[in-house]
Structure formats: C-alpha cells, structure tokens
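Engineer: The structure follows.
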Amino acid sequence: PCLVTLPRRVEWLAAGVGSGGAGGEGFAAALSDQLVRADVVVTSGGVSKGAYDVVKEVLSQQGGVQFDEVAMQPGKPQGFGFVGEDHTPIFTLPGNSVSSYVSFEVFVVPALRKMMGRSVLSRPMMRATTTAPLSSMQGKRQYVRAHYEVGKGGAKVTPVGGHGSHLVGDLSNANALVVLSEQQTTVAPGQPVPVLVLDREFCCRPADLRTSTGPTRPCWSTFPDRTSAPVTPRPRDASPSSPAWPGSPRPRRCTLIYRPWAPRGSARRSPART
C-alpha cells in the first residue's frame with residue numbers, strides 16, 4: 001500500500017502488514033503482534049458502519065480508542081486512541097486509498113513530527129490561483145487533488161480528476177491538495193485558494209534544525225537516511241516524559257495494518273466513498 005511509504009518521508013521506519021484475514025480475530029492477532037515493536041500503529045479500513053468493519057468492532061471492545069465522523073472529504077470516518085499495556089498511539093484511517101492518504105497527511109504526519117520534537121508539524125500551506133472552477137459540499141472541508149506549479153505569472157493550481165476517494169490514478173498525478181473551507185461551495189477560475197503542497201519540504205525553524213545524533217543541519221531533508229537501520233523494540237518503561245520517548249536517537253517505527261480486499265464475487269460490500 002502507498003501508506004507504507006509515507007512515514008519514511010518524515011524519518012520514521014515503516015512496516016506494512018496484513019490483518020491476517022477478514023475477521024476480527026485476524027486483526028486482533030496482527031495488532032497484538034505489532035505492539036511489541038511499534039511506537040505508533042496506523043490502520044487502514046474497517047472503521048465505518050458496515051458489517052465488515054472489524055477494526056472498529058475490535059477496538060471498541062478493547063476500549064481506549066474514540067471513533068468519530070469528521071466533517072471533511074475525503075476522510076470522514078476517523079479514530080484515535082491508545083492500545084496495549086504500553087498505551088501505544090493508534091490512528092485508524094479510512095480504507096479507500098485517497099481517503100487514507102489525505103487522512104495521513106492531515107492527522108498522522110503532524111503527530112509523528114510532534115513526537116520527534118519538531119517545531120514545524122505540517123507541510124507548507126501556500127496560496128495559488130486556481131485555473132479551473134472548484135466545488136465543495138456545504139459544511140465539509142474539501143481536500144481537492146491538484147497540480148501546483150510556480151511560473152512567470154505566479155503560483156497556479158489545477159484540479160486533477162474528481163472527488164471520488166477511490167480514484168487513485170488522479171492522486172498519483174497530484175502534488176498538492178487545495179483546501180476549501182466548510183463555508184465554501186464554489187470557487188471561480190482565477191481566484192486565490194490555499195494549497196497544501198505535498199512535494200515541498202517542511203519549513204525550517206531554529207528548533208527544527210537539531211538532531212539527536214549530530215550537529216545542526218540546514219534542513220530535515222539532509223538528515224541521514226535511517227530507513228534501513230536495525231529496529232529495536234520500544235522500552236517497556238518508556239513514557240512521553242522519559243528520554244527514550246520521544247528523544248531517543250534510535251529510529252522510530254510506525255506499523256501500518258491494512259485489511260486485504262475480499263475476493264471477487266464475495267459477499268463483502270463495495271467500499272463507501274467517504
């Protein structure tokens with residue numbers, strides 16, 4: 001899944017594992033197995049209201065995780081909490097690829113950078129002129145896939161594809177997300193809009209230039225690549241205030257648990273477009 005690559009872009013080790021089956025027992029077993037080695041767990045799928053949404057079912061029984069419907073599109077069903085005896089943070093994201101990608105950028109990336117002690121938590125929000133009309137649903141914050149570029153006439157942004165959360169091909173052609181507020185329903189061509197640029201590095205500030213293993217560097221993108229470093233389990237006695245959490249020099253590990261698609265012809269319903 002494309003989600004496995006996202007934590008690596010913010011200096012985290014990432015491991016993607018399947019849930020081991022369509023039932024709750026498979027997910028519970030996969031979660032239990034990963035809690036001994038993960039600093040953060042991110043799940044994809046199984047958090048809506050259907051009969052096959054076992055992630056929500058299992059975690060609701062265990063307690064410690066809150067599920068909500070966020071007024072945004074894509075990415076309506078969300079969940080966050082702490083699981084296991086070490087109270088490991090867990091983010092439960094929607095199953096559709098675009099929904100989970102947007103949710104990861106909006107909710108998970110700032111949290112991972114906060115845990116690393118970074119002062120700049122989100123990617124840069126720019127202003128650009130839209131080259132095409134935009135529409136959004138009243139009462140929801142819309143994240144529109146788009147292509148952002150800066151030319152002689154200034155920054156421009158062009159919508160890519162439709163709003164459907166299943167349109168993965170459109171996402172691969174986008175390098176930005178136009179952010180329309182809950183009050184905006186239409187935007188005419190030529191109007192300025194806020195744009196979350198996905199291929200820009202995080203802006204640097206003095207507190208963001210320090211690393212736990214070396215001298216001051218010009219920007220986080222020049223840090224050593226630690227994605228191939230050996231993984232060590234998080235100490236059992238680690239807590240948010242202890243030196244090993246989050247100030248340890250060791251690489252941090254983010255585990256992503258995703259649900260496999262049901263075979264063609266099965267009784268499982270099609271994923272909701274949220």
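By order in the structure tokens, chains are A, B, ...; within a chain, residues start at 1; ligands start at 1, following the order shown.
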Quick one: everything within 7 Å of region 147-163 of chain A, counting only C-alpha atoms, minus sequence neighbours fewer than 2 positions away in the same chain. Send it as number ranges by chain.

Structural biologist: A: 128-132, 144-145, 165, 170, 174-176

Engineer: For N, CA and C atoms, I'd like the residues from the last selection saved as an mmCIF file, in the first residue's frame.

Structural biologist:
data_model
loop_
_atom_site.group_PDB
_atom_site.id
_atom_site.type_symbol
_atom_site.label_atom_id
_atom_site.label_comp_id
_atom_site.auth_asym_id
_atom_site.auth_seq_id
_atom_site.Cartn_x
_atom_site.Cartn_y
_atom_site.Cartn_z
ATOM 1 N N ALA A 128 -2.333 29.998 -4.177
ATOM 2 C CA ALA A 128 -2.178 29.880 -5.619
ATOM 3 C C ALA A 128 -3.493 30.213 -6.298
ATOM 4 N N THR A 129 -3.406 30.575 -7.549
ATOM 5 C CA THR A 129 -4.592 30.900 -8.335
ATOM 6 C C THR A 129 -5.096 29.641 -9.028
ATOM 7 N N THR A 130 -6.353 29.326 -8.854
ATOM 8 C CA THR A 130 -6.902 28.140 -9.492
ATOM 9 C C THR A 130 -7.174 28.403 -10.971
ATOM 10 N N THR A 131 -6.875 27.439 -11.805
ATOM 11 C CA THR A 131 -7.067 27.578 -13.247
ATOM 12 C C THR A 131 -8.405 27.014 -13.708
ATOM 13 N N ALA A 132 -9.151 26.416 -12.792
ATOM 14 C CA ALA A 132 -10.436 25.806 -13.148
ATOM 15 C C ALA A 132 -11.408 25.993 -11.988
ATOM 16 N N VAL A 144 -9.011 18.882 -2.316
ATOM 17 C CA VAL A 144 -9.093 18.615 -3.753
ATOM 18 C C VAL A 144 -7.704 18.284 -4.291
ATOM 19 N N ARG A 145 -7.562 17.131 -4.904
ATOM 20 C CA ARG A 145 -6.290 16.771 -5.523
ATOM 21 C C ARG A 145 -5.992 17.735 -6.664
ATOM 22 N N SER A 165 -13.090 9.115 -3.629
ATOM 23 C CA SER A 165 -11.957 8.646 -2.821
ATOM 24 C C SER A 165 -11.359 7.352 -3.345
ATOM 25 N N ASP A 170 -5.776 9.554 -10.101
ATOM 26 C CA ASP A 170 -5.738 11.011 -10.006
ATOM 27 C C ASP A 170 -4.765 11.462 -8.922
ATOM 28 N N ALA A 174 -1.158 14.134 -8.790
ATOM 29 C CA ALA A 174 -1.275 15.362 -7.999
ATOM 30 C C ALA A 174 -0.044 15.543 -7.119
ATOM 31 N N ASN A 175 0.316 16.787 -6.893
ATOM 32 C CA ASN A 175 1.401 17.102 -5.956
ATOM 33 C C ASN A 175 0.949 18.072 -4.881
ATOM 34 N N ALA A 176 -0.383 18.273 -4.788
ATOM 35 C CA ALA A 176 -0.903 19.232 -3.813
ATOM 36 C C ALA A 176 -2.368 18.939 -3.531
#

Engineer: So that I can check the secondary structure, give me every residue of region 77-126 of chain A assigned alpha helix (DSSP H) by backbone DSSP, as number ranges by chain.

Structural biologist: A: 97-103, 109-115

Engineer: Need the shell around Val54 (chain A): protein/DNA/RNA residues with any atom at most 6 Å away, counting only C-alpha atoms. Skip same-chain ones fewer than 4 positions apart. Format as a ChimeraX atom specification?

Structural biologist: /A:24,46,58

Engineer: With C-alpha atoms retained, write the just-selected residues as a PDB file, in the first residue's frame.

Structural biologist:
ATOM      1  CA  GLY A  24     -11.821  -9.674  13.929  1.00  0.00           C
ATOM      2  CA  GLY A  46     -12.661  -1.210   8.839  1.00  0.00           C
ATOM      3  CA  VAL A  58     -12.389  -4.994  17.945  1.00  0.00           C
TER       4      VAL A  58
END

Engineer: Work out how far apart CA of Val36 (chain A) and CA of Gly16 (chain A) are and give it in Å to one decimal.

Structural biologist: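 Between CA of Val36 (chain A) and CA of Gly16 (chain A) the gap is 15.0 Å.
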
Engineer: Pick from A:Val197, A:Val178, A:Met72, A:Ala146: nearest to Pro124 (chain A), with only C-alpha atoms counted?

Structural biologist: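 Result for the nearest residue to Pro124 (chain A): A:Val197.
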
Engineer: Near Leu35 (chain A), counting only C-alpha atoms, which residues have an atom at most 9 Å away, once you skip same-chain residues fewer than 3 positions from it, shown as a list in words?

Structural biologist: Ala30, Leu31, Ser32, Ala38, Asp39, Val40, Val41, Val83, Gly84, Glu85, Asp86, Thr88 and Thr255 of chain A

Engineer: Which of these, A:Phe202, A:Ser103, A:Glu182, A:Phe67, has the shortest distance to Ser119 (chain A) once you count only C-alpha atoms?

Structural biologist: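 Result for the nearest residue to Ser119 (chain A): A:Phe202.
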
Engineer: Fewer than 5 positions away in the same chain doesn't count, so skip those; otherwise give me all residues within 7 Å of Gln73 (chain A), counting only C-alpha atoms, as a PDB file with N, CA and C atoms, in the first residue's frame.

Structural biologist:
ATOM      1  N   LYS A 140     -18.513  20.799   4.859  1.00  0.00           N
ATOM      2  CA  LYS A 140     -17.380  19.879   4.877  1.00  0.00           C
ATOM      3  C   LYS A 140     -16.142  20.571   4.340  1.00  0.00           C
ATOM      4  N   ARG A 141     -15.010  20.280   4.970  1.00  0.00           N
ATOM      5  CA  ARG A 141     -13.744  20.786   4.445  1.00  0.00           C
ATOM      6  C   ARG A 141     -13.298  19.850   3.326  1.00  0.00           C
ATOM      7  N   GLN A 142     -13.085  20.409   2.158  1.00  0.00           N
ATOM      8  CA  GLN A 142     -12.770  19.617   0.981  1.00  0.00           C
ATOM      9  C   GLN A 142     -11.280  19.686   0.675  1.00  0.00           C
ATOM     10  N   TYR A 143     -10.681  18.520   0.451  1.00  0.00           N
ATOM     11  CA  TYR A 143      -9.287  18.426   0.036  1.00  0.00           C
ATOM     12  C   TYR A 143      -9.274  17.951  -1.412  1.00  0.00           C
ATOM     13  N   THR A 274     -16.048   7.800   1.026  1.00  0.00           N
ATOM     14  CA  THR A 274     -16.083   8.807   2.079  1.00  0.00           C
ATOM     15  C   THR A 274     -14.878   9.696   1.988  1.00  0.00           C
TER      16      THR A 274
END

Engineer: What does the structure give for the distance between CA of Ser136 (chain A) and CA of Val42 (chain A), in Å to one decimal?

Structural biologist: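 Those two atoms sit 28.1 Å apart.
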
Engineer: Taking 6 positions as the minimum chain separation for residues in the same chain, which residues sit within 9 Å of Ala14 (chain A) when counting only C-alpha atoms? Answer as a list of chain:residue names.

Structural biologist: A:Val4, A:Thr5, A:Leu6, A:Pro7, A:Arg8, A:Thr227, A:Arg252, A:Arg253, A:Cys254, A:Thr255, A:Leu256

Engineer: Generate a file of the selected residues that holds N, CA and C atoms, formatted as a compact mmCIF listing (two decimals), in the first residue's frame.

Structural biologist:
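Written output follows (result-v9.txt):
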# COMPACT_ATOMS: atom_id res chain seq x y z
N VAL A 4 2.58 2.84 3.26
CA VAL A 4 3.82 2.39 3.87
C VAL A 4 4.96 3.35 3.57
N THR A 5 4.91 4.03 2.44
CA THR A 5 6.00 4.95 2.08
C THR A 5 5.91 6.28 2.80
N LEU A 6 4.72 6.64 3.31
CA LEU A 6 4.55 7.98 3.88
C LEU A 6 5.33 8.20 5.17
N PRO A 7 5.34 7.28 6.14
CA PRO A 7 6.14 7.53 7.34
C PRO A 7 7.62 7.70 7.03
N ARG A 8 8.12 7.01 6.01
CA ARG A 8 9.54 7.12 5.67
C ARG A 8 9.89 8.51 5.19
N THR A 227 16.13 4.59 7.20
CA THR A 227 15.07 3.63 6.97
C THR A 227 15.57 2.20 6.94
N ARG A 252 12.44 5.45 14.96
CA ARG A 252 11.11 5.12 15.46
C ARG A 252 10.36 4.34 14.41
N ARG A 253 9.52 3.44 14.85
CA ARG A 253 8.86 2.54 13.93
C ARG A 253 7.35 2.76 13.94
N CYS A 254 6.81 2.89 12.74
CA CYS A 254 5.37 3.03 12.55
C CYS A 254 4.87 1.80 11.80
N THR A 255 3.95 1.07 12.40
CA THR A 255 3.37 -0.11 11.76
C THR A 255 2.03 0.25 11.16
N LEU A 256 1.81 -0.16 9.91
CA LEU A 256 0.55 0.09 9.23
C LEU A 256 -0.13 -1.25 8.97

Engineer: In Å, rounded to a single decimal, give me how far CA of Val187 (chain A) is from CA of Leu134 (chain A).

Structural biologist: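 Result for CA of Leu134 (chain A) versus CA of Val187 (chain A): 4.9 Å, one decimal.
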
Engineer: Please determine, counting only C-alpha atoms, which residue among A:Val195, A:Met116, A:Ala28, A:Val10 has the shortest atom-to-atom distance to Val179 (chain A).

Structural biologist: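 Among the listed residues, A:Val195 lies closest to Val179 (chain A).
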
Engineer: When distances are computed from only C-alpha atoms, which of A:Gly139, A:Gly45, A:Pro89, A:Gly95 shows the smallest separation from Met115 (chain A)?

Structural biologist: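 Closest to Met115 (chain A) of all the choices is A:Pro89.
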